[in-house]
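Pasted below: input.txt, compact mmCIF, C-alpha atoms and all ligand atoms.
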# COMPACT_ATOMS: atom_id res chain seq x y z
CA MET O 649 100.26 118.33 34.86
CA THR O 650 96.90 120.03 35.39
CA ARG O 651 94.39 119.54 32.61
CA SER O 652 92.05 122.35 31.74
CA TYR O 653 88.59 121.60 30.44
CA GLN O 654 86.77 123.42 27.67
CA TYR O 655 83.00 123.49 27.73
CA CYS O 656 81.81 120.31 25.97
CA GLY O 657 78.07 120.28 26.71
CA PRO O 658 75.13 121.23 24.49
CA ALA O 659 75.68 124.46 22.56
CA GLU O 660 72.26 125.85 23.53
CA LEU O 661 73.25 125.91 27.21
CA SER O 662 76.47 127.82 26.59
CA HIS O 663 74.82 131.09 25.53
CA MET O 664 75.52 133.82 28.04
CA PRO O 665 72.28 135.23 29.51
CA ASN O 666 71.87 138.98 29.48
CA PRO O 667 72.20 140.29 32.11
CA LEU O 668 74.73 137.78 33.39
CA PRO O 669 73.74 136.21 36.72
CA SER O 670 76.01 137.07 39.60
CA ARG O 671 78.91 134.91 40.69
CA ASN O 672 81.15 135.26 43.71
CA GLN O 673 84.90 134.83 43.86
CA ILE O 674 86.09 133.09 47.02
CA ARG O 675 89.54 134.40 47.90
CA GLN O 676 89.44 133.64 51.60
CA ARG O 677 87.29 131.78 54.09
CA ALA O 678 85.47 134.99 55.01
CA ASP O 679 84.22 135.27 51.41
CA ALA O 680 82.60 131.83 51.70
CA GLU O 681 81.07 132.77 55.04
CA ALA O 682 79.72 136.01 53.57
CA TRP O 683 78.20 134.06 50.64
CA ILE O 684 76.56 131.65 53.09
CA ALA O 685 75.24 134.51 55.22
CA ALA O 686 73.63 136.05 52.13
CA GLN O 687 71.62 132.89 51.37
CA HIS O 688 68.23 132.18 52.81
CA LEU O 689 69.10 129.86 55.67
CA GLY O 690 66.35 128.14 57.56
CA SER O 691 66.12 128.30 61.31
CA GLY O 692 67.58 124.85 62.13
CA LYS O 693 70.88 124.54 63.96
CA HIS O 694 72.48 122.41 61.25
CA GLN O 695 72.20 123.67 57.67
CA GLN O 696 73.48 122.56 54.30
CA LEU O 697 73.85 124.86 51.32
CA THR O 698 74.80 123.70 47.84
CA ALA O 699 76.30 125.91 45.14
CA THR O 700 77.73 125.53 41.66
CA PHE O 701 81.50 126.01 41.64
CA ILE O 702 84.19 126.36 39.04
CA ILE O 703 87.95 126.87 39.34
CA ASP O 704 89.20 129.08 36.53
CA GLN O 705 92.53 128.82 34.75
CA ALA O 706 94.11 131.22 37.24
CA ALA O 707 93.16 128.73 40.02
CA GLN O 708 90.46 131.06 41.37
CA LEU O 709 87.33 129.61 42.96
CA TRP O 710 83.95 131.01 41.90
CA LEU O 711 80.49 130.17 43.26
CA ALA O 712 77.11 130.66 41.69
CA ASP O 713 73.56 129.70 42.50
CA GLN O 714 73.02 125.93 42.40
CA ARG O 715 70.71 126.30 39.38
CA SER O 716 73.41 128.08 37.36
CA GLU O 717 75.14 126.38 34.47
CA HIS O 718 78.86 125.89 35.11
CA VAL O 719 79.66 127.47 31.75
CA VAL O 720 77.84 130.65 32.76
CA CYS O 721 79.65 130.70 36.12
CA ALA O 722 82.91 130.38 34.13
CA ARG O 723 81.74 133.06 31.64
CA GLY O 724 82.33 130.59 28.83
CA ALA O 725 86.01 130.01 29.61
CA ALA O 726 87.93 126.78 30.20
CA VAL O 727 88.20 125.57 33.81
CA LEU O 728 90.56 123.47 35.90
CA ALA O 729 87.64 121.97 37.85
CA ALA O 730 83.87 122.24 38.13
CA GLY O 731 81.14 120.66 40.18
CA GLU O 732 78.93 121.20 43.20
CA ILE O 733 80.00 122.28 46.67
CA THR O 734 77.86 121.78 49.77
CA PHE O 735 78.65 123.83 52.85
CA SER O 736 77.80 122.45 56.26
CA VAL O 737 76.89 125.18 58.68
CA GLU O 738 76.51 124.73 62.44
CA ALA O 739 75.11 127.63 64.42
CA LYS O 740 76.04 129.95 61.51
CA CYS O 741 79.66 128.71 61.43
CA LEU O 742 81.10 126.96 58.38
CA VAL O 743 82.25 123.52 59.57
CA GLY O 744 82.79 121.54 56.37
CA CYS O 745 82.64 121.42 52.58
CA GLU O 746 81.54 118.43 50.50
CA LEU O 747 82.32 118.44 46.81
CA THR O 748 81.46 116.50 43.69
CA ASN O 749 82.77 116.84 40.13
CA GLN O 750 79.23 116.73 38.72
CA SER O 751 79.31 119.08 35.76
CA THR O 752 77.76 117.82 32.56
CA GLY O 753 78.98 121.00 30.84
CA TYR O 754 82.68 120.38 31.46
CA CYS O 755 82.74 116.64 32.31
CA PRO O 756 85.86 117.02 34.48
CA GLU O 757 87.76 113.89 35.46
CA PRO O 758 87.87 112.75 39.11
CA ALA O 759 91.62 113.58 38.97
CA SER O 760 90.69 117.27 39.00
CA TRP O 761 90.40 116.82 42.78
CA ALA O 762 94.13 117.60 43.07
CA VAL O 763 93.68 121.23 42.02
CA VAL O 764 90.46 121.52 44.05
CA GLN O 765 92.30 120.46 47.19
CA GLN O 766 95.14 122.91 46.53
CA VAL O 767 92.68 125.76 46.10
CA LEU O 768 90.58 124.85 49.15
CA ASP O 769 93.72 124.55 51.27
CA SER O 770 95.03 127.92 50.10
CA ILE O 771 91.68 129.56 50.95
CA GLY O 772 91.39 127.72 54.25
CA LEU O 773 88.15 125.88 53.54
CA PRO O 774 87.66 122.60 55.46
CA HIS O 775 87.22 119.47 53.31
CA ALA O 776 87.36 115.69 53.61
CA GLY O 777 90.42 115.14 51.38
CA ALA O 778 88.47 113.66 48.48
CA TRP O 779 85.31 114.09 46.43
CA THR O 780 82.19 113.14 48.41
CA THR O 781 80.97 111.56 45.18
CA SER O 782 82.96 111.45 41.97
CA TYR O 783 81.65 110.89 38.48
CA GLU O 784 83.13 109.56 35.25
CA PHE O 785 81.94 111.08 31.99
CA ARG O 786 82.42 109.67 28.49
CA ARG O 787 81.34 110.75 25.04
CA CYS O 788 79.82 107.99 22.93
CA PRO O 789 82.08 107.30 19.92
CA ALA O 790 79.03 106.30 17.88
CA CYS O 791 76.38 108.96 18.62
CA ALA O 792 78.41 111.67 20.47
CA MET O 793 76.05 111.62 23.48
CA LEU O 794 77.74 112.62 26.76
CA ASN O 795 77.21 109.84 29.30
CA LEU O 796 77.55 109.92 33.06
CA ILE O 797 78.93 106.48 33.97
CA LYS O 798 76.97 104.70 36.69
CA GLU O 799 78.13 101.53 38.42
CA GLN O 800 81.01 101.02 35.97
CA TRP O 801 78.51 100.52 33.12
CA PHE O 802 80.53 101.66 30.08
CA PHE O 803 77.74 101.57 27.49
CA CYS O 804 75.92 104.50 25.89
CA ALA O 805 72.50 105.23 27.42
CA VAL O 806 71.17 106.19 23.98
CA CYS O 807 72.61 103.68 21.51
CA ASP O 808 74.23 100.97 23.71
CA HIS O 809 77.61 101.42 22.00
CA GLU O 810 80.55 100.53 24.25
CA LEU O 811 82.25 103.56 25.85
CA PRO O 812 86.04 103.86 26.16
CA GLN O 813 87.85 103.46 29.48
CA GLN O 814 89.80 106.69 28.84
CA TRP O 815 88.30 110.18 29.25
CA ASN O 816 87.23 111.45 25.82
CA CYS O 817 84.70 114.23 26.37
CA ALA O 818 86.51 117.08 24.58
CA ARG O 819 84.89 118.13 21.35
CA GLY O 820 86.55 116.44 18.39
ZN ZN F 901 75.69 106.39 21.74

Whole structure, structure tokens version:
Amino acid sequence: MTRSYQYCGPAELSHMPNPLPSRNQIRQRADAEAWIAAQHLGSGKHQQLTATFIIDQAAQLWLADQRSEHVVCARGAAVLAAGEITFSVEAKCLVGCELTNQSTGYCPEPASWAVVQQVLDSIGLPHAGAWTTSYEFRRCPACAMLNLIKEQWFFCAVCDHELPQQWNCARG
């Protein structure tokens, strides 16, 4: 079963700016190529472009500027996946996509790759079959701080309390 993730980050980052920054739905490969073409590419032959992505509850892929909060890209709604996507571009052609689940707003589990792969395959975007880098997030049971787990260190960065092995980031 596919889990959907509600925003679980700091409340102050979840306010919708006015006007809302643009986001782009990627329905087909040409949409991704059009998004890439609209960015300010340098002159080198090999380019990499990173964007914020979310997959909404209708399994639709949306991109926004890398500096955008995932929750703004999702317009405040729950998501099936969120993270960063890096497009590799050779001589203006899209040749690969690298993805991570790094979203401290939604803290999606690495298992959300399954829906990401389905969506990328249906759009026809090339990928490596797995996250390039995957992250584990946990909420501290003692102080409620959201932690990004590094090197299997399951202790809170703020208060040193032990963090659970199971995903627990949803608001209580
Ligand atoms: Zn703590």

Shell of 10 Å around ligand ZN 901 (chain F) (all atoms listed in the file), written as a ChimeraX atom specification
/O:787-795,803-811

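Of the listed residues O:Leu709, O:Ala739, O:Ala686, O:Ala678, the one whose atoms come nearest to O:Val767 is O:Leu709, with distances taken using all atoms listed in the file.
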
Give me, as a ChimeraX atom specification, all polymer residues having an atom no more than 10 Å from O:Cys755, counting only C-alpha atoms and skipping those fewer than 6 positions away in the same chain.
/O:653-657,729-731,749,783-787,794-796,815-818

note - atom CA of O:Ile733 and atom CA of O:Gln813 are separated by 26.7 Å

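With only C-alpha atoms as the atoms that count, the minimum distance from O:Gly744 to the choices O:Ala707, O:Val764, O:Leu661, O:Leu697 is reached by O:Leu697.
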
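The shortest atom-to-atom distance to O:Lys740, with only C-alpha atoms taken into account, belongs to O:His694 out of O:His688, O:His694, O:Arg651, O:Arg677.
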
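One distance worth recording is that between atom CA of O:Gln695 and atom CA of O:Cys745, which is 11.8 Å.
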
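A straight line drawn from atom CA of O:Ile797 to atom CA of O:Gln696 is 26.5 Å long.
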
Each residue of stretch 683-746 of chain O lying at most 9 Å from stretch 663-666 of chain O should get a row with its shortest atom-to-atom pair and the distance in Å to one decimal, counting only C-alpha atoms; could you produce that, ordered by chain and increasing number, as JSON lines?
{"residue": "O:Val719", "atom": "CA", "partner": "O:Met664", "partner_atom": "CA", "distance": 8.4}
{"residue": "O:Val720", "atom": "CA", "partner": "O:Met664", "partner_atom": "CA", "distance": 6.1}
{"residue": "O:Arg723", "atom": "CA", "partner": "O:Met664", "partner_atom": "CA", "distance": 7.2}
{"residue": "O:Gly724", "atom": "CA", "partner": "O:Met664", "partner_atom": "CA", "distance": 7.6}

How would the residues just chosen look if you wrote them out with C-alpha atoms as a short mmCIF file (atom, residue, chain, number, x, y, z; two decimals), keeping the file's coordinate frame?
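So the final result, stored in part-v7.cif, reads:
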data_model
loop_
_atom_site.label_atom_id
_atom_site.label_comp_id
_atom_site.auth_asym_id
_atom_site.auth_seq_id
_atom_site.Cartn_x
_atom_site.Cartn_y
_atom_site.Cartn_z
CA VAL O 719 79.66 127.47 31.75
CA VAL O 720 77.84 130.65 32.76
CA ARG O 723 81.74 133.06 31.64
CA GLY O 724 82.33 130.59 28.83
#

Set up a box along x, y and z of the file covering all listed atoms of stretch 781-793 of chain O, add 4 Å on every one of the six sides, and write the centre and edge lengths in Å to one decimal, as lines of an AutoDock Vina configuration file.
center_x = 79.6
center_y = 109.0
center_z = 31.5
size_x = 15.1
size_y = 13.4
size_z = 35.3

If you count all atoms listed in the file, which residues fall within 12 Å of O:Leu768, apart from same-chain ones fewer than 6 positions away, as a PyMOL selection string?
chain O and resi 674-677+680+701+703+707-710+733+744-747+761-762+774-778

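Ranking O:Ala726, O:Ser751, O:Gln673, O:Phe802 by their shortest atom-to-atom distance to O:Ile771, with only C-alpha atoms included, puts O:Gln673 first.
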
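Nearest-residue note for O:Glu681: choosing from O:Gly753, O:Gly772, O:Pro758, O:Pro667, the minimum distance belongs to O:Gly772, counting all atoms listed in the file.
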
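Residue nearest O:Ser736, chosen from O:Lys693, O:Arg819, O:Lys798, O:Arg671 and counting only C-alpha atoms: O:Lys693.
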